[in-house]
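K.L.:
Data: query.cif, mmCIF, C-alpha atoms.
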data_data
#
loop_
_atom_site.label_atom_id
_atom_site.label_comp_id
_atom_site.auth_asym_id
_atom_site.auth_seq_id
_atom_site.Cartn_x
_atom_site.Cartn_y
_atom_site.Cartn_z
CA MET X 139 113.20 99.71 53.33
CA ILE X 140 114.94 96.48 52.33
CA THR X 141 114.98 95.19 55.91
CA ASP X 142 111.20 95.71 56.16
CA TYR X 143 110.83 93.41 53.17
CA LEU X 144 112.87 90.68 54.86
CA VAL X 145 111.14 90.49 58.26
CA GLU X 146 108.19 88.10 57.81
CA ALA X 147 108.54 84.42 56.89
CA PRO X 148 107.88 84.02 53.16
CA GLU X 149 104.73 82.14 52.22
CA SER X 150 106.08 80.49 49.08
CA TYR X 151 109.27 79.35 47.40
CA SER X 152 109.18 82.25 44.92
CA THR X 153 108.77 84.85 47.69
CA ALA X 154 111.55 83.17 49.69
CA LYS X 155 113.84 83.29 46.67
CA LYS X 156 113.18 87.02 46.16
CA LYS X 157 113.89 87.78 49.82
CA ALA X 158 117.04 85.63 49.84
CA LEU X 159 118.27 87.36 46.67
CA VAL X 160 117.88 90.77 48.34
CA ARG X 161 119.66 89.58 51.49
CA ASP X 162 122.42 87.85 49.49
CA ASN X 163 123.06 90.91 47.29
CA PHE X 164 121.60 89.14 44.23
CA CYS X 165 124.50 86.66 44.24
CA CYS X 166 125.19 83.01 44.89
CA VAL X 167 126.59 82.98 48.44
CA ILE X 168 129.31 80.49 47.53
CA SER X 169 130.59 81.58 44.11
CA GLY X 170 129.65 85.26 44.25
CA SER X 171 128.12 84.94 40.77
CA TYR X 172 125.26 87.34 40.08
CA ASP X 173 121.70 86.14 39.53
CA HIS X 174 121.02 86.50 35.81
CA ASP X 175 117.29 87.21 36.13
CA SER X 176 117.83 89.92 38.75
CA LEU X 177 120.37 91.76 36.60
CA MET X 178 118.27 91.41 33.45
CA GLY X 179 115.09 92.47 35.25
CA SER X 180 116.40 95.74 36.68
CA GLU X 181 118.32 98.36 34.71
CA GLU X 182 119.24 100.10 37.97
CA LEU X 183 120.62 96.93 39.55
CA SER X 184 122.42 95.94 36.36
CA ALA X 185 124.03 99.39 36.05
CA GLU X 186 125.09 99.30 39.72
CA TYR X 187 126.74 95.90 39.45
CA CYS X 188 128.22 96.51 36.00
CA ALA X 189 129.84 99.71 37.33
CA LEU X 190 131.72 97.55 39.84
CA ASN X 191 132.48 94.84 37.30
CA PRO X 192 131.81 95.49 33.60
CA PHE X 193 131.41 91.77 32.94
CA PRO X 194 129.87 90.22 36.06
CA GLN X 195 129.48 86.47 35.96
CA ARG X 196 125.76 85.78 35.60
CA VAL X 197 124.20 82.47 36.56
CA PHE X 198 120.74 81.12 37.20
CA THR X 199 120.30 80.75 40.95
CA GLU X 200 118.00 78.75 43.17
CA CYS X 201 116.63 79.21 46.65
CA ALA X 202 118.36 76.45 48.61
CA HIS X 203 116.88 75.19 51.86
CA ILE X 204 119.50 74.48 54.51
CA LEU X 205 117.18 72.00 56.18
CA PRO X 206 114.68 70.30 53.85
CA ASP X 207 110.93 70.14 54.29
CA PRO X 208 110.27 68.12 57.49
CA SER X 209 107.47 66.27 55.72
CA MET X 210 110.26 64.42 53.88
CA ASN X 211 111.17 62.34 56.92
CA ALA X 212 111.67 58.67 57.57
CA GLN X 213 107.99 58.18 58.38
CA ASN X 214 107.16 59.05 54.76
CA PRO X 215 109.12 56.52 52.70
CA PRO X 216 110.84 58.01 49.67
CA ASP X 217 109.87 56.94 46.19
CA SER X 218 112.64 55.42 44.11
CA ALA X 219 112.62 58.39 41.72
CA SER X 220 113.64 60.96 44.31
CA ASP X 221 117.18 61.05 45.72
CA LYS X 222 116.43 64.47 47.21
CA ARG X 223 113.60 63.00 49.28
CA THR X 224 115.84 60.16 50.48
CA GLN X 225 118.60 62.56 51.47
CA GLY X 226 116.09 64.77 53.30
CA SER X 227 114.83 61.75 55.21
CA MET X 228 118.34 60.73 56.23
CA LEU X 229 119.16 64.24 57.44
CA TRP X 230 116.07 64.44 59.66
CA VAL X 231 116.80 61.02 61.18
CA VAL X 232 120.38 62.09 62.00
CA LEU X 233 119.24 65.43 63.46
CA GLN X 234 116.65 63.70 65.65
CA ARG X 235 119.27 61.21 66.88
CA PHE X 236 121.40 64.18 67.98
CA GLY X 237 118.50 65.64 69.95
CA TYR X 238 117.08 68.17 67.50
CA THR X 239 113.54 66.89 67.94
CA THR X 240 111.77 70.27 67.80
CA LEU X 241 113.18 71.34 64.43
CA PRO X 242 110.48 69.62 62.34
CA ASN X 243 107.78 71.57 64.20
CA GLU X 244 109.71 74.84 63.85
CA LEU X 245 109.97 74.39 60.09
CA GLU X 246 106.45 73.20 59.33
CA GLY X 247 104.38 74.83 56.60
CA GLU X 248 105.53 78.23 55.39
CA ASN X 249 108.24 78.33 58.09
CA ILE X 250 110.34 76.08 55.86
CA HIS X 251 110.98 79.24 53.81
CA ARG X 252 112.28 81.33 56.75
CA LEU X 253 115.30 83.39 55.75
CA GLU X 254 117.36 81.62 58.40
CA ASN X 255 116.77 78.37 56.50
CA ILE X 256 117.50 79.48 52.93
CA MET X 257 120.34 80.82 50.84
CA THR X 258 120.91 81.72 47.21
CA LEU X 259 122.96 79.14 45.32
CA ARG X 260 123.65 78.51 41.66
CA HIS X 261 122.30 75.17 40.46
CA ASP X 262 125.52 73.13 40.53
CA GLU X 263 126.43 74.29 44.04
CA HIS X 264 122.89 73.61 45.24
CA THR X 265 123.21 70.05 43.94
CA VAL X 266 126.57 69.56 45.68
CA PHE X 267 125.11 70.97 48.93
CA THR X 268 122.03 68.70 48.90
CA ARG X 269 124.24 65.67 48.27
CA PHE X 270 126.24 66.52 51.42
CA LEU X 271 129.42 67.09 49.40
CA LEU X 272 129.70 70.69 50.62
CA TRP X 273 129.08 72.11 54.08
CA PHE X 274 129.72 75.19 56.20
CA VAL X 275 131.87 75.34 59.34
CA ALA X 276 131.32 78.25 61.74
CA THR X 277 134.30 80.53 62.41
CA GLU X 278 134.88 82.56 65.58
CA THR X 279 133.20 85.53 63.87
CA PRO X 280 129.37 85.50 64.16
CA ASN X 281 127.55 84.71 60.89
CA GLU X 282 130.79 83.73 59.12
CA TYR X 283 131.52 80.25 57.81
CA THR X 284 134.34 78.41 56.11
CA ILE X 285 133.22 76.31 53.17
CA ARG X 286 134.35 72.69 53.21
CA THR X 287 133.94 70.11 50.46
CA ALA X 288 134.29 66.37 50.13
CA TYR X 289 136.46 66.86 47.04
CA PRO X 290 139.00 69.58 46.21
CA GLY X 291 137.95 72.12 43.63
CA LEU X 292 134.19 72.01 44.21
CA THR X 293 134.00 75.67 45.26
CA PRO X 294 136.06 78.78 44.48
CA ARG X 295 135.23 80.87 47.59
CA PRO X 296 136.64 79.76 50.95
CA LEU X 297 134.53 82.05 53.17
CA PHE X 298 130.79 82.69 53.46
CA VAL X 299 129.48 85.63 55.50
CA ILE X 300 125.80 86.02 56.39
CA LEU X 301 124.72 89.65 56.34
#
Can you give me the file's structure in the form of structure tokens?
P.N.:
Amino acid sequence: MITDYLVEAPESYSTAKKKALVRDNFCCVISGSYDHDSLMGSEELSAEYCALNPFPQRVFTECAHILPDPSMNAQNPPDSASDKRTQGSMLWVVLQRFGYTTLPNELEGENIHRLENIMTLRHDEHTVFTRFLLWFVATETPNEYTIRTAYPGLTPRPLFVIL
């Protein structure tokens, strides 16, 4: 049942967030903290998680795009008020220089919200990720990554596994 819900590319940010929350077990993939709204919105889910941990850490999470919207590229100059747009532009320029020229087409429109391109993060970790201060390094195990940071102490969990 849950896997049926995850198959199609989400059409919106809110749908993508819901699907990512299901896939990520209603937790931030880095800290393991539970999504506050999910636990508060479902007695069944809250009871299940509270049975495992009577006082689960609850945080407000966000749907984080691994690669930003391709429309935020170098051909669309960023406005001075948006660091996120500038960082997205820089990332696309670097990816294109390394030969990833088809990615913008693959992630156009609603495809930007594909589950392969999103993850559940709490706000502070999302900010650190979009500022390129945190990244994932693949291990020898498929769908498993070591978390690396530019500064010690930015993240408490050393391993991230994609289910």
K.L.:
Could you list, as a ChimeraX atom specification, every residue within 8 Å of Ala158 in chain X, counting all atoms listed in the file and ignoring same-chain residues fewer than 6 positions away?
P.N.:
/X:201,253,256-258
K.L.:
What would the selection look like, as JSON, numbers by chain, if the PyMOL selection byres ((chain X and resi 156) around 12) were run on the coordinates I just shared?
P.N.:
{"X": [140, 143, 144, 147, 148, 149, 150, 151, 152, 153, 154, 155, 157, 158, 159, 160, 161, 162, 163, 164, 165, 173, 175, 176, 199, 200, 201, 251, 253, 256, 257, 258]}
K.L.:
Any chance you can output those residues with C-alpha atoms as a JSON list (two decimals), in the frame of the given file?
P.N.:
[["chain", "number", "residue", "atom", "x", "y", "z"],
["X", 140, "ILE", "CA", 114.94, 96.48, 52.33],
["X", 143, "TYR", "CA", 110.83, 93.41, 53.17],
["X", 144, "LEU", "CA", 112.87, 90.68, 54.86],
["X", 147, "ALA", "CA", 108.54, 84.42, 56.89],
["X", 148, "PRO", "CA", 107.88, 84.02, 53.16],
["X", 149, "GLU", "CA", 104.73, 82.14, 52.22],
["X", 150, "SER", "CA", 106.08, 80.49, 49.08],
["X", 151, "TYR", "CA", 109.27, 79.35, 47.40],
["X", 152, "SER", "CA", 109.18, 82.25, 44.92],
["X", 153, "THR", "CA", 108.77, 84.85, 47.69],
["X", 154, "ALA", "CA", 111.55, 83.17, 49.69],
["X", 155, "LYS", "CA", 113.84, 83.29, 46.67],
["X", 157, "LYS", "CA", 113.89, 87.78, 49.82],
["X", 158, "ALA", "CA", 117.04, 85.63, 49.84],
["X", 159, "LEU", "CA", 118.27, 87.36, 46.67],
["X", 160, "VAL", "CA", 117.88, 90.77, 48.34],
["X", 161, "ARG", "CA", 119.66, 89.58, 51.49],
["X", 162, "ASP", "CA", 122.42, 87.85, 49.49],
["X", 163, "ASN", "CA", 123.06, 90.91, 47.29],
["X", 164, "PHE", "CA", 121.60, 89.14, 44.23],
["X", 165, "CYS", "CA", 124.50, 86.66, 44.24],
["X", 173, "ASP", "CA", 121.70, 86.14, 39.53],
["X", 175, "ASP", "CA", 117.29, 87.21, 36.13],
["X", 176, "SER", "CA", 117.83, 89.92, 38.75],
["X", 199, "THR", "CA", 120.30, 80.75, 40.95],
["X", 200, "GLU", "CA", 118.00, 78.75, 43.17],
["X", 201, "CYS", "CA", 116.63, 79.21, 46.65],
["X", 251, "HIS", "CA", 110.98, 79.24, 53.81],
["X", 253, "LEU", "CA", 115.30, 83.39, 55.75],
["X", 256, "ILE", "CA", 117.50, 79.48, 52.93],
["X", 257, "MET", "CA", 120.34, 80.82, 50.84],
["X", 258, "THR", "CA", 120.91, 81.72, 47.21]]
K.L.:
If the PyMOL selection byres ((chain X and resi 184-198) around 6) is run on the structure shown, which residues does it catch, given as a PyMOL selection string?
P.N.:
chain X and resi 171-174+177+181-183+199+260
K.L.:
Those same residues - C-alpha atoms - I'd like them written as a PDB file, in the frame of the given file.
P.N.:
ATOM      1  CA  SER X 171     128.120  84.940  40.770  1.00  0.00           C
ATOM      2  CA  TYR X 172     125.260  87.340  40.080  1.00  0.00           C
ATOM      3  CA  ASP X 173     121.700  86.140  39.530  1.00  0.00           C
ATOM      4  CA  HIS X 174     121.020  86.500  35.810  1.00  0.00           C
ATOM      5  CA  LEU X 177     120.370  91.760  36.600  1.00  0.00           C
ATOM      6  CA  GLU X 181     118.320  98.360  34.710  1.00  0.00           C
ATOM      7  CA  GLU X 182     119.240 100.100  37.970  1.00  0.00           C
ATOM      8  CA  LEU X 183     120.620  96.930  39.550  1.00  0.00           C
ATOM      9  CA  THR X 199     120.300  80.750  40.950  1.00  0.00           C
ATOM     10  CA  ARG X 260     123.650  78.510  41.660  1.00  0.00           C
TER      11      ARG X 260
END
K.L.:
Going by the chain IDs and residue numbers used in this file, which residues fall under the PyMOL selection byres ((chain X and resi 270) around 12)? Write them as a list in words.
P.N.:
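Residues picked by the PyMOL selection byres ((chain X and resi 270) around 12): Ile204, Leu205, Lys222, Gln225, Gly226, Met228, Leu229, Glu263, His264, Thr265, Val266, Phe267, Thr268, Arg269, Leu271, Leu272, Trp273, Phe274, Arg286, Thr287, Ala288 and Tyr289 of chain X.
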K.L.:
Report as AutoDock Vina command-line options the centre and the edge lengths, in Å to one decimal, of the axis-aligned box holding every listed atom of range 260-273 of chain X, padded by 6 Å on each side.
P.N.:
--center_x 125.9 --center_y 72.1 --center_z 47.3 --size_x 19.7 --size_y 24.8 --size_z 25.6
K.L.:
As an exercise, work out the distance from CA of Asn243 in chain X to CA of Val231 in chain X in Å and give it to one decimal place.
P.N.:
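One can read the CA of Asn243 in chain X to CA of Val231 in chain X distance as 14.2 Å.
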K.L.:
Which is closest to Asn255 in chain X among X:Ala276, X:Gly291, X:Met178, X:Leu241, if we use all atoms listed in the file?
P.N.:
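Looking at the shortest contact to Asn255 in chain X, the residue is X:Leu241.
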K.L.:
Hey, can you check how far CA of Ile285 in chain X sits from CA of Glu244 in chain X?
P.N.:
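Between CA of Ile285 in chain X and CA of Glu244 in chain X the gap works out to 25.9 Å.
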